[in-house]
file structure38.pdb (PDB, C-alpha atoms)
ATOM      1  CA  MET C   1      50.854  28.095 -22.716
ATOM      2  CA  LYS C   2      47.405  26.816 -21.774
ATOM      3  CA  PRO C   3      45.126  29.478 -20.301
ATOM      4  CA  GLN C   4      43.489  28.950 -16.933
ATOM      5  CA  ARG C   5      40.694  31.531 -17.265
ATOM      6  CA  ILE C   6      39.230  32.862 -20.543
ATOM      7  CA  LEU C   7      36.723  35.697 -20.897
ATOM      8  CA  ILE C   8      34.618  35.659 -24.074
ATOM      9  CA  THR C   9      32.657  38.818 -24.889
ATOM     10  CA  GLY C  10      29.713  38.616 -27.275
ATOM     11  CA  ASN C  11      29.491  34.870 -26.749
ATOM     12  CA  MET C  12      25.727  34.727 -27.391
ATOM     13  CA  GLY C  13      25.850  35.776 -31.042
ATOM     14  CA  TYR C  14      26.420  33.772 -34.228
ATOM     15  CA  VAL C  15      30.097  32.935 -33.725
ATOM     16  CA  GLY C  16      30.175  32.562 -29.947
ATOM     17  CA  PRO C  17      28.481  29.181 -29.455
ATOM     18  CA  GLY C  18      31.010  27.420 -31.670
ATOM     19  CA  VAL C  19      33.891  29.217 -29.961
ATOM     20  CA  VAL C  20      32.653  28.186 -26.518
ATOM     21  CA  ARG C  21      32.171  24.571 -27.620
ATOM     22  CA  HIS C  22      35.643  24.420 -29.167
ATOM     23  CA  LEU C  23      37.447  26.070 -26.240
ATOM     24  CA  ARG C  24      35.698  23.783 -23.763
ATOM     25  CA  ARG C  25      36.947  20.793 -25.746
ATOM     26  CA  GLU C  26      40.502  22.072 -26.237
ATOM     27  CA  PHE C  27      40.990  23.624 -22.782
ATOM     28  CA  PRO C  28      38.909  21.359 -20.513
ATOM     29  CA  ALA C  29      40.575  22.578 -17.335
ATOM     30  CA  ALA C  30      40.145  26.277 -18.106
ATOM     31  CA  GLU C  31      37.456  28.429 -16.536
ATOM     32  CA  LEU C  32      35.327  29.884 -19.336
ATOM     33  CA  ILE C  33      33.409  33.100 -18.655
ATOM     34  CA  GLY C  34      30.872  34.661 -21.017
ATOM     35  CA  PHE C  35      29.775  38.300 -21.169
ATOM     36  CA  ASP C  36      26.893  39.372 -23.406
ATOM     37  CA  MET C  37      23.816  41.623 -23.542
ATOM     38  CA  GLY C  38      21.660  38.599 -24.282
ATOM     39  CA  PHE C  39      19.736  40.284 -27.113
ATOM     40  CA  PHE C  40      19.860  37.069 -29.157
ATOM     41  CA  ALA C  41      19.659  34.577 -26.295
ATOM     42  CA  HIS C  42      16.296  33.283 -27.544
ATOM     43  CA  CYS C  43      17.451  32.860 -31.163
ATOM     44  CA  LEU C  44      18.377  29.194 -30.911
ATOM     45  CA  THR C  45      18.474  27.072 -34.066
ATOM     46  CA  GLY C  46      18.281  23.395 -33.313
ATOM     47  CA  ALA C  47      20.637  23.483 -30.355
ATOM     48  CA  GLY C  48      20.685  20.233 -28.413
ATOM     49  CA  ARG C  49      21.600  22.119 -25.259
ATOM     50  CA  LEU C  50      21.924  25.749 -24.265
ATOM     51  CA  PRO C  51      25.374  26.824 -25.543
ATOM     52  CA  GLU C  52      26.078  28.735 -22.325
ATOM     53  CA  SER C  53      25.817  25.521 -20.299
ATOM     54  CA  ARG C  54      29.384  24.804 -21.442
ATOM     55  CA  LEU C  55      30.597  27.911 -19.623
ATOM     56  CA  ASP C  56      31.550  28.102 -15.987
ATOM     57  CA  ARG C  57      29.893  31.512 -15.689
ATOM     58  CA  GLN C  58      27.667  33.711 -17.839
ATOM     59  CA  HIS C  59      27.440  37.416 -17.076
ATOM     60  CA  PHE C  60      25.019  39.816 -18.738
ATOM     61  CA  GLY C  61      25.723  43.435 -19.525
ATOM     62  CA  ASP C  62      26.799  46.103 -22.008
ATOM     63  CA  VAL C  63      30.395  45.763 -23.200
ATOM     64  CA  ARG C  64      30.683  49.543 -22.855
ATOM     65  CA  ASP C  65      30.334  49.008 -19.109
ATOM     66  CA  LEU C  66      31.996  45.657 -18.459
ATOM     67  CA  PRO C  67      32.839  45.368 -14.732
ATOM     68  CA  THR C  68      36.583  45.564 -14.130
ATOM     69  CA  GLU C  69      36.354  42.826 -11.492
ATOM     70  CA  LEU C  70      35.553  40.315 -14.252
ATOM     71  CA  LEU C  71      39.118  40.762 -15.520
ATOM     72  CA  GLN C  72      40.763  39.589 -12.321
ATOM     73  CA  GLY C  73      42.720  36.374 -12.865
ATOM     74  CA  VAL C  74      41.847  36.240 -16.584
ATOM     75  CA  ASP C  75      44.638  34.911 -18.804
ATOM     76  CA  ALA C  76      43.017  35.521 -22.189
ATOM     77  CA  ILE C  77      40.170  37.575 -23.630
ATOM     78  CA  VAL C  78      38.324  36.677 -26.833
ATOM     79  CA  HIS C  79      36.626  39.897 -27.894
ATOM     80  CA  LEU C  80      33.706  39.071 -30.200
ATOM     81  CA  ALA C  81      31.207  41.689 -28.995
ATOM     82  CA  ALA C  82      30.196  44.037 -31.824
ATOM     83  CA  ILE C  83      27.359  45.462 -33.880
ATOM     84  CA  SER C  84      28.097  43.578 -37.088
ATOM     85  CA  ASN C  85      25.081  44.158 -39.325
ATOM     86  CA  ASP C  86      25.825  46.762 -42.024
ATOM     87  CA  PRO C  87      22.322  48.286 -42.232
ATOM     88  CA  MET C  88      22.362  48.775 -38.457
ATOM     89  CA  GLY C  89      25.819  50.306 -38.690
ATOM     90  CA  SER C  90      24.640  52.705 -41.373
ATOM     91  CA  ALA C  91      21.609  53.776 -39.360
ATOM     92  CA  TYR C  92      23.465  53.992 -36.036
ATOM     93  CA  GLU C  93      27.079  54.746 -36.869
ATOM     94  CA  GLU C  94      27.850  56.621 -33.653
ATOM     95  CA  VAL C  95      26.629  53.743 -31.509
ATOM     96  CA  THR C  96      28.452  51.237 -33.722
ATOM     97  CA  LEU C  97      31.752  53.052 -33.207
ATOM     98  CA  ALA C  98      31.108  53.345 -29.471
ATOM     99  CA  VAL C  99      30.465  49.611 -29.101
ATOM    100  CA  ASN C 100      32.851  48.180 -31.677
ATOM    101  CA  TYR C 101      35.764  50.570 -31.299
ATOM    102  CA  GLN C 102      35.763  52.704 -28.171
ATOM    103  CA  ALA C 103      34.531  49.964 -25.826
ATOM    104  CA  GLY C 104      37.014  47.487 -27.244
ATOM    105  CA  ILE C 105      39.979  49.805 -26.730
ATOM    106  CA  GLY C 106      38.844  50.562 -23.201
ATOM    107  CA  LEU C 107      38.540  46.860 -22.491
ATOM    108  CA  ALA C 108      42.031  46.175 -23.834
ATOM    109  CA  GLN C 109      43.525  48.971 -21.714
ATOM    110  CA  ARG C 110      41.900  47.635 -18.555
ATOM    111  CA  ALA C 111      42.844  44.072 -19.474
ATOM    112  CA  LYS C 112      46.495  45.051 -19.742
ATOM    113  CA  GLU C 113      46.371  46.770 -16.354
ATOM    114  CA  ALA C 114      44.766  43.640 -14.870
ATOM    115  CA  GLY C 115      47.587  41.400 -16.125
ATOM    116  CA  VAL C 116      45.724  39.621 -18.924
ATOM    117  CA  ARG C 117      48.282  37.844 -21.121
ATOM    118  CA  ALA C 118      46.449  37.444 -24.455
ATOM    119  CA  PHE C 119      43.854  39.626 -26.191
ATOM    120  CA  VAL C 120      42.205  38.143 -29.294
ATOM    121  CA  PHE C 121      40.254  40.665 -31.354
ATOM    122  CA  ALA C 122      37.730  39.541 -33.964
ATOM    123  CA  SER C 123      38.651  41.836 -36.836
ATOM    124  CA  SER C 124      37.492  41.578 -40.455
ATOM    125  CA  CYS C 125      38.652  41.403 -44.052
ATOM    126  CA  SER C 126      35.843  43.867 -44.814
ATOM    127  CA  MET C 127      38.341  46.619 -44.015
ATOM    128  CA  TYR C 128      39.806  46.085 -47.515
ATOM    129  CA  GLY C 129      36.533  47.382 -48.993
ATOM    130  CA  ALA C 130      36.931  48.175 -52.672
ATOM    131  CA  GLY C 131      39.912  45.908 -53.110
ATOM    132  CA  GLY C 132      40.458  45.898 -56.855
ATOM    133  CA  GLU C 133      41.831  42.842 -58.603
ATOM    134  CA  GLY C 134      44.848  41.749 -56.565
ATOM    135  CA  ALA C 135      44.567  39.542 -53.474
ATOM    136  CA  LYS C 136      44.981  41.655 -50.345
ATOM    137  CA  THR C 137      47.752  40.997 -47.862
ATOM    138  CA  GLU C 138      48.095  42.392 -44.364
ATOM    139  CA  THR C 139      50.171  45.291 -45.756
ATOM    140  CA  SER C 140      47.648  46.279 -48.442
ATOM    141  CA  THR C 141      45.905  49.634 -48.349
ATOM    142  CA  LEU C 142      42.759  49.604 -46.230
ATOM    143  CA  ASN C 143      39.582  51.031 -47.743
ATOM    144  CA  PRO C 144      36.686  50.507 -45.283
ATOM    145  CA  LEU C 145      33.296  51.317 -46.782
ATOM    146  CA  THR C 146      30.967  50.651 -43.819
ATOM    147  CA  ALA C 147      30.739  51.715 -40.188
ATOM    148  CA  TYR C 148      31.534  48.134 -39.168
ATOM    149  CA  ALA C 149      34.681  48.041 -41.289
ATOM    150  CA  ARG C 150      35.784  51.479 -40.093
ATOM    151  CA  SER C 151      35.378  50.345 -36.493
ATOM    152  CA  LYS C 152      37.752  47.451 -37.141
ATOM    153  CA  VAL C 153      40.384  49.689 -38.748
ATOM    154  CA  LEU C 154      40.264  52.172 -35.875
ATOM    155  CA  SER C 155      40.427  49.369 -33.320
ATOM    156  CA  GLU C 156      43.499  47.777 -34.847
ATOM    157  CA  GLN C 157      45.264  51.132 -35.016
ATOM    158  CA  GLU C 158      44.788  51.783 -31.306
ATOM    159  CA  LEU C 159      45.357  48.216 -30.155
ATOM    160  CA  ALA C 160      48.828  48.058 -31.729
ATOM    161  CA  PRO C 161      50.621  50.404 -29.277
ATOM    162  CA  LEU C 162      49.132  48.556 -26.290
ATOM    163  CA  ALA C 163      50.941  45.303 -27.101
ATOM    164  CA  ASP C 164      54.174  44.431 -25.332
ATOM    165  CA  ASP C 165      56.110  41.471 -23.933
ATOM    166  CA  ASN C 166      53.412  40.841 -21.328
ATOM    167  CA  PHE C 167      50.325  41.633 -23.411
ATOM    168  CA  CYS C 168      50.064  39.726 -26.688
ATOM    169  CA  ILE C 169      47.397  41.075 -29.078
ATOM    170  CA  THR C 170      46.116  39.131 -32.087
ATOM    171  CA  CYS C 171      43.709  40.724 -34.558
ATOM    172  CA  LEU C 172      42.162  37.995 -36.682
ATOM    173  CA  ARG C 173      40.952  39.582 -39.909
ATOM    174  CA  PHE C 174      38.244  37.041 -40.561
ATOM    175  CA  ALA C 175      36.802  36.334 -43.978
ATOM    176  CA  THR C 176      32.997  36.428 -44.273
ATOM    177  CA  ALA C 177      31.537  33.858 -41.886
ATOM    178  CA  CYS C 178      29.255  31.050 -43.019
ATOM    179  CA  GLY C 179      27.946  27.728 -41.745
ATOM    180  CA  TRP C 180      25.631  26.367 -39.086
ATOM    181  CA  SER C 181      25.527  27.746 -35.562
ATOM    182  CA  ASP C 182      23.382  27.243 -32.496
ATOM    183  CA  ARG C 183      22.399  30.886 -33.147
ATOM    184  CA  LEU C 184      22.221  31.220 -36.910
ATOM    185  CA  ARG C 185      22.606  34.448 -38.898
ATOM    186  CA  LEU C 186      20.884  34.581 -42.266
ATOM    187  CA  ASP C 187      22.114  37.993 -43.433
ATOM    188  CA  LEU C 188      25.544  36.652 -44.427
ATOM    189  CA  VAL C 189      25.976  35.881 -48.107
ATOM    190  CA  VAL C 190      26.146  32.063 -48.181
ATOM    191  CA  ASN C 191      23.670  31.608 -45.334
ATOM    192  CA  ASP C 192      21.294  34.024 -47.059
ATOM    193  CA  PHE C 193      21.525  32.081 -50.319
ATOM    194  CA  VAL C 194      20.888  28.756 -48.587
ATOM    195  CA  ALA C 195      17.897  30.198 -46.729
ATOM    196  CA  GLY C 196      16.425  31.531 -49.975
ATOM    197  CA  ALA C 197      16.937  28.211 -51.716
ATOM    198  CA  VAL C 198      15.361  26.190 -48.901
ATOM    199  CA  ALA C 199      12.463  28.539 -48.127
ATOM    200  CA  ALA C 200      11.516  29.783 -51.597
ATOM    201  CA  GLY C 201      13.465  27.762 -54.130
ATOM    202  CA  GLU C 202      15.199  30.862 -55.414
ATOM    203  CA  ILE C 203      18.271  33.013 -54.863
ATOM    204  CA  ASN C 204      18.000  36.697 -55.680
ATOM    205  CA  ILE C 205      21.393  38.379 -56.096
ATOM    206  CA  LEU C 206      20.980  42.110 -55.576
ATOM    207  CA  SER C 207      23.975  42.928 -57.789
ATOM    208  CA  ASP C 208      25.544  41.721 -61.011
ATOM    209  CA  GLY C 209      27.199  38.888 -59.062
ATOM    210  CA  THR C 210      30.786  39.932 -59.804
ATOM    211  CA  PRO C 211      31.996  41.122 -56.353
ATOM    212  CA  TRP C 212      34.555  38.915 -54.632
ATOM    213  CA  ARG C 213      34.124  37.579 -51.115
ATOM    214  CA  PRO C 214      36.438  35.370 -49.055
ATOM    215  CA  LEU C 215      34.672  32.922 -46.751
ATOM    216  CA  ILE C 216      35.402  31.117 -43.503
ATOM    217  CA  HIS C 217      33.333  28.500 -41.695
ATOM    218  CA  VAL C 218      32.351  29.430 -38.138
ATOM    219  CA  GLN C 219      33.965  26.249 -36.833
ATOM    220  CA  ASP C 220      37.248  27.340 -38.390
ATOM    221  CA  MET C 221      36.905  30.745 -36.761
ATOM    222  CA  ALA C 222      36.898  28.923 -33.426
ATOM    223  CA  ARG C 223      40.031  26.996 -34.390
ATOM    224  CA  ALA C 224      41.811  30.211 -35.373
ATOM    225  CA  ILE C 225      40.831  31.779 -32.047
ATOM    226  CA  GLU C 226      42.228  28.793 -30.158
ATOM    227  CA  TRP C 227      45.535  29.254 -31.980
ATOM    228  CA  ALA C 228      45.589  32.983 -31.234
ATOM    229  CA  ILE C 229      44.983  32.405 -27.516
ATOM    230  CA  SER C 230      47.944  30.061 -27.296
ATOM    231  CA  ARG C 231      50.415  31.741 -29.631
ATOM    232  CA  GLU C 232      53.609  33.208 -28.235
ATOM    233  CA  ALA C 233      55.078  36.577 -29.228
ATOM    234  CA  ASP C 234      57.939  34.923 -31.099
ATOM    235  CA  ASN C 235      55.325  33.613 -33.546
ATOM    236  CA  GLY C 236      54.110  36.826 -35.151
ATOM    237  CA  GLY C 237      55.165  39.447 -32.619
ATOM    238  CA  ASP C 238      53.568  41.135 -29.604
ATOM    239  CA  PHE C 239      50.985  42.632 -31.978
ATOM    240  CA  LEU C 240      49.704  40.680 -34.956
ATOM    241  CA  ALA C 241      47.024  41.523 -37.503
ATOM    242  CA  VAL C 242      46.543  38.522 -39.786
ATOM    243  CA  ASN C 243      44.050  37.502 -42.463
ATOM    244  CA  ALA C 244      42.168  34.402 -41.283
ATOM    245  CA  GLY C 245      40.677  32.236 -44.004
ATOM    246  CA  SER C 246      41.679  30.182 -47.024
ATOM    247  CA  ASP C 247      42.892  31.154 -50.497
ATOM    248  CA  GLN C 248      40.674  28.410 -51.957
ATOM    249  CA  TRP C 249      37.587  30.113 -50.507
ATOM    250  CA  ASN C 250      37.804  33.364 -52.449
ATOM    251  CA  TYR C 251      34.631  33.405 -54.564
ATOM    252  CA  GLN C 252      32.585  35.755 -56.661
ATOM    253  CA  VAL C 253      29.033  36.157 -55.395
ATOM    254  CA  ARG C 254      27.511  34.522 -58.457
ATOM    255  CA  GLU C 255      29.771  31.480 -57.986
ATOM    256  CA  LEU C 256      28.426  31.096 -54.465
ATOM    257  CA  ALA C 257      24.843  31.284 -55.684
ATOM    258  CA  GLU C 258      25.522  28.681 -58.369
ATOM    259  CA  ALA C 259      27.175  26.369 -55.809
ATOM    260  CA  VAL C 260      24.188  26.602 -53.488
ATOM    261  CA  ALA C 261      21.772  26.020 -56.380
ATOM    262  CA  ALA C 262      23.745  22.936 -57.414
ATOM    263  CA  ALA C 263      23.561  21.557 -53.872
ATOM    264  CA  ILE C 264      19.810  22.236 -53.575
ATOM    265  CA  PRO C 265      18.202  21.011 -56.839
ATOM    266  CA  GLY C 266      15.364  23.079 -58.242
ATOM    267  CA  THR C 267      16.783  26.396 -57.031
ATOM    268  CA  ALA C 268      16.496  29.307 -59.463
ATOM    269  CA  VAL C 269      19.163  32.022 -59.475
ATOM    270  CA  SER C 270      18.436  35.572 -60.611
ATOM    271  CA  LEU C 271      20.960  38.364 -61.171
ATOM    272  CA  ASN C 272      20.244  42.074 -61.199
ATOM    273  CA  ALA C 273      22.438  43.020 -64.134
ATOM    274  CA  ALA C 274      21.157  46.603 -64.015
ATOM    275  CA  ALA C 275      22.193  47.126 -60.413
ATOM    276  CA  PRO C 276      25.017  49.574 -59.699
ATOM    277  CA  PRO C 277      28.328  47.826 -58.994
ATOM    278  CA  ASP C 278      28.821  46.662 -55.417
ATOM    279  CA  LYS C 279      31.949  48.523 -54.332
ATOM    280  CA  ARG C 280      32.631  45.958 -51.597
ATOM    281  CA  SER C 281      34.725  43.486 -53.533
ATOM    282  CA  TYR C 282      37.979  41.988 -52.317
ATOM    283  CA  ARG C 283      40.056  38.854 -52.717
ATOM    284  CA  VAL C 284      42.370  38.071 -49.826
ATOM    285  CA  ASP C 285      45.764  36.395 -49.444
ATOM    286  CA  PHE C 286      45.884  34.092 -46.402
ATOM    287  CA  SER C 287      49.468  32.890 -46.759
ATOM    288  CA  LEU C 288      50.689  34.581 -43.561
ATOM    289  CA  PHE C 289      48.205  32.620 -41.450
ATOM    290  CA  ARG C 290      49.323  29.376 -43.131
ATOM    291  CA  GLN C 291      52.918  30.267 -42.322
ATOM    292  CA  LEU C 292      52.293  31.126 -38.674
ATOM    293  CA  ALA C 293      49.724  28.398 -37.960
ATOM    294  CA  PRO C 294      50.616  25.467 -40.244
ATOM    295  CA  SER C 295      48.726  22.976 -38.071
ATOM    296  CA  THR C 296      45.508  25.037 -38.204
ATOM    297  CA  SER C 297      44.487  24.625 -41.841
ATOM    298  CA  LEU C 298      41.241  26.493 -42.454
ATOM    299  CA  ASN C 299      38.312  25.628 -44.723
ATOM    300  CA  VAL C 300      39.562  22.161 -45.627
ATOM    301  CA  LEU C 301      36.776  20.243 -43.894
ATOM    302  CA  TYR C 302      33.809  22.012 -45.494
ATOM    303  CA  PRO C 303      34.341  22.134 -49.274
ATOM    304  CA  ILE C 304      31.894  24.095 -51.417
ATOM    305  CA  PRO C 305      30.736  22.007 -54.413
TER
END
call {"tool": "encode", "arguments": {"input": "structure38.pdb", "output": "structure tokens"}}
result
Amino acid sequence: MKPQRILITGNMGYVGPGVVRHLRREFPAAELIGFDMGFFAHCLTGAGRLPESRLDRQHFGDVRDLPTELLQGVDAIVHLAAISNDPMGSAYEEVTLAVNYQAGIGLAQRAKEAGVRAFVFASSCSMYGAGGEGAKTETSTLNPLTAYARSKVLSEQELAPLADDNFCITCLRFATACGWSDRLRLDLVVNDFVAGAVAAGEINILSDGTPWRPLIHVQDMARAIEWAISREADNGGDFLAVNAGSDQWNYQVRELAEAVAAAIPGTAVSLNAAAPPDKRSYRVDFSLFRQLAPSTSLNVLYPIP
């Protein structure tokens, strides 16, 4: 079922511009509405046009106080709005939980009352935390180690009972994002390594390089969101929490640094072998997403060397 009106929260961050571009292309007749604080509106990186020009409407405000009237006539909500930087979450955990968790649940409750059909929540594989050796499936034990990850766990737990035949909820547990955006983030592992290589000719790994990270390109995040908007309840159920990424893109941090160094000749890589182990280490199994969305293969267009 093609949506007629889509509300995208947090559309002016790192992921949002690619989502807006993709949804405009795939749903040309739909009305696209953005809602964002605009904190990063000026952080454009080589954009040929303002990303929000692809929207029909852009509203500004705090997601904790999103006007209920914006939900009228909306078929689908893509909920990206969040405080997603771990140092910020550590310093301001109460605010992080208020924005990422409490506001999101309140939005979902009001969306259901307003007759919204689909609610797509940007969740995260970071909820697996200290994952051990085995690849984590959707039924694996959750071990969130940061305020951001805890906010995702709490959100999923309270979103589940809201789902029903008329309100389809999809929680996309995204791998760690990477790749170019009209509003680029450089605190994510691959982007950070590329920035270090380009700016200084060196990559400094602040650990022994052994932790595992799954990756997903931001353009593939948009494709997964498109699928989630359109999916029916008979494909995964009224409520679905699914790992979104690719088995081939599970890497150890040192492998990522070596791949970037190989792509940018002259880059030096340094490890901090004396650093305490990074407890955030997890490999992830993405087979359920492949099963449910066989036509939406992720991370096949952007191979790492």
call {"tool": "resolve_selection", "arguments": {"input": "structure38.pdb", "expression": "the PyMOL selection byres ((chain C and resi 19) around 12)", "output": "count of residues only"}}
result
46
call {"tool": "closest_residue", "arguments": {"input": "structure38.pdb", "among": "C:Ala163, C:Leu107, C:Val284, C:Ala195", "to": "C:Met127", "atoms": "all atoms listed in the file"}}
result
C:Val284
call {"tool": "atom_distance", "arguments": {"input": "structure38.pdb", "atom1": "atom CA of C:Asp285", "atom2": "atom CA of C:Lys136"}}
result
5.4 Å
call {"tool": "residues_near_point", "arguments": {"input": "structure38.pdb", "point": "(32.2, 37.9, -42.3)", "cutoff": "9 Å", "atoms": "only C-alpha atoms", "output": "list of chain:residue names"}}
result
C:Ser84, C:Ser124, C:Cys125, C:Ser126, C:Phe174, C:Ala175, C:Thr176, C:Ala177, C:Cys178, C:Leu188, C:Val189, C:Pro214, C:Leu215, C:Ile216
call {"tool": "write_last_selection", "arguments": {"input": "structure38.pdb", "atoms": "C-alpha atoms", "output": "PDB file, in the frame of the given file"}}
result
ATOM      1  CA  SER C  84      28.097  43.578 -37.088  1.00  0.00           C
ATOM      2  CA  SER C 124      37.492  41.578 -40.455  1.00  0.00           C
ATOM      3  CA  CYS C 125      38.652  41.403 -44.052  1.00  0.00           C
ATOM      4  CA  SER C 126      35.843  43.867 -44.814  1.00  0.00           C
ATOM      5  CA  PHE C 174      38.244  37.041 -40.561  1.00  0.00           C
ATOM      6  CA  ALA C 175      36.802  36.334 -43.978  1.00  0.00           C
ATOM      7  CA  THR C 176      32.997  36.428 -44.273  1.00  0.00           C
ATOM      8  CA  ALA C 177      31.537  33.858 -41.886  1.00  0.00           C
ATOM      9  CA  CYS C 178      29.255  31.050 -43.019  1.00  0.00           C
ATOM     10  CA  LEU C 188      25.544  36.652 -44.427  1.00  0.00           C
ATOM     11  CA  VAL C 189      25.976  35.881 -48.107  1.00  0.00           C
ATOM     12  CA  PRO C 214      36.438  35.370 -49.055  1.00  0.00           C
ATOM     13  CA  LEU C 215      34.672  32.922 -46.751  1.00  0.00           C
ATOM     14  CA  ILE C 216      35.402  31.117 -43.503  1.00  0.00           C
TER      15      ILE C 216
END
call {"tool": "resolve_selection", "arguments": {"input": "structure38.pdb", "expression": "the PyMOL selection byres ((chain C and resi 76) around 10)", "output": "compact mmCIF listing (two decimals) with C-alpha atoms, in the frame of the given file"}}
result
# COMPACT_ATOMS: atom_id res chain seq x y z
CA LYS C 2 47.40 26.82 -21.77
CA PRO C 3 45.13 29.48 -20.30
CA GLN C 4 43.49 28.95 -16.93
CA ARG C 5 40.69 31.53 -17.26
CA ILE C 6 39.23 32.86 -20.54
CA LEU C 7 36.72 35.70 -20.90
CA ILE C 8 34.62 35.66 -24.07
CA LEU C 32 35.33 29.88 -19.34
CA LEU C 71 39.12 40.76 -15.52
CA GLY C 73 42.72 36.37 -12.86
CA VAL C 74 41.85 36.24 -16.58
CA ASP C 75 44.64 34.91 -18.80
CA ILE C 77 40.17 37.58 -23.63
CA VAL C 78 38.32 36.68 -26.83
CA HIS C 79 36.63 39.90 -27.89
CA ALA C 111 42.84 44.07 -19.47
CA GLY C 115 47.59 41.40 -16.12
CA VAL C 116 45.72 39.62 -18.92
CA ARG C 117 48.28 37.84 -21.12
CA ALA C 118 46.45 37.44 -24.46
CA PHE C 119 43.85 39.63 -26.19
CA VAL C 120 42.20 38.14 -29.29
CA PHE C 167 50.32 41.63 -23.41
CA CYS C 168 50.06 39.73 -26.69
CA ILE C 169 47.40 41.08 -29.08
CA ALA C 228 45.59 32.98 -31.23
CA ILE C 229 44.98 32.40 -27.52
CA SER C 230 47.94 30.06 -27.30
call {"tool": "residues_around", "arguments": {"input": "structure38.pdb", "residues": "C:Asp238", "least_positions_apart": "3", "cutoff": "10 Å", "atoms": "only C-alpha atoms", "output": "JSON, numbers by chain"}}
result
{"C": [118, 160, 161, 162, 163, 164, 165, 166, 167, 168, 169, 170, 231, 232, 233, 234, 235]}
call {"tool": "resolve_selection", "arguments": {"input": "structure38.pdb", "expression": "the PyMOL selection byres ((chain C and resi 205) around 7)", "output": "list in words"}}
result
Ile203, Asn204, Leu206, Ser207, Gly209, Ser270, Leu271 and Asn272 of chain C
call {"tool": "write_last_selection", "arguments": {"input": "structure38.pdb", "atoms": "C-alpha atoms", "output": "mmCIF file, in the coordinates of the input"}}
result
data_model
loop_
_atom_site.group_PDB
_atom_site.id
_atom_site.type_symbol
_atom_site.label_atom_id
_atom_site.label_comp_id
_atom_site.auth_asym_id
_atom_site.auth_seq_id
_atom_site.Cartn_x
_atom_site.Cartn_y
_atom_site.Cartn_z
ATOM 1 C CA ILE C 203 18.271 33.013 -54.863
ATOM 2 C CA ASN C 204 18.000 36.697 -55.680
ATOM 3 C CA LEU C 206 20.980 42.110 -55.576
ATOM 4 C CA SER C 207 23.975 42.928 -57.789
ATOM 5 C CA GLY C 209 27.199 38.888 -59.062
ATOM 6 C CA SER C 270 18.436 35.572 -60.611
ATOM 7 C CA LEU C 271 20.960 38.364 -61.171
ATOM 8 C CA ASN C 272 20.244 42.074 -61.199
#
call {"tool": "residues_around", "arguments": {"input": "structure38.pdb", "residues": "stretch 274-281 of chain C", "least_positions_apart": "5", "cutoff": "9 Å", "atoms": "only C-alpha atoms", "output": "JSON, numbers by chain"}}
result
{"C": [126, 128, 129, 130, 131, 132, 133, 144, 145, 206, 207, 208, 209, 210, 211, 212, 213, 252]}
call {"tool": "atom_distance", "arguments": {"input": "structure38.pdb", "atom1": "atom CA of C:Asn143", "atom2": "atom CA of C:Val253"}}
result
19.8 Å
call {"tool": "closest_residue", "arguments": {"input": "structure38.pdb", "among": "C:Gln248, C:Ser90, C:Ser151, C:Asn100", "to": "C:Arg64", "atoms": "all atoms listed in the file"}}
result
C:Asn100
call {"tool": "atom_distance", "arguments": {"input": "structure38.pdb", "atom1": "atom CA of C:Ala147", "atom2": "atom CA of C:Gly237"}}
result
28.4 Å
call {"tool": "closest_residue", "arguments": {"input": "structure38.pdb", "among": "C:Phe121, C:Trp249, C:Tyr282, C:Phe40", "to": "C:Gly104", "atoms": "only C-alpha atoms"}}
result
C:Phe121
call {"tool": "closest_residue", "arguments": {"input": "structure38.pdb", "among": "C:Thr141, C:Ser287, C:Thr68, C:Ser123", "to": "C:Gly106", "atoms": "only C-alpha atoms"}}
result
C:Thr68
call {"tool": "residues_around", "arguments": {"input": "structure38.pdb", "residues": "C:Val194", "least_positions_apart": "5", "cutoff": "10 Å", "atoms": "all atoms listed in the file", "output": "count of residues only"}}
result
16
call {"tool": "axis_aligned_box", "arguments": {"input": "structure38.pdb", "around": "stretch 6-22 of chain C", "padding_each_side": "3 Å", "output": "AutoDock Vina command-line options"}}
result
--center_x 32.5 --center_y 31.6 --center_z -27.4 --size_x 19.5 --size_y 20.4 --size_z 19.7
call {"tool": "residues_around", "arguments": {"input": "structure38.pdb", "residues": "C:Phe286", "least_positions_apart": "6", "cutoff": "10 Å", "atoms": "all atoms listed in the file", "output": "count of residues only"}}
result
15
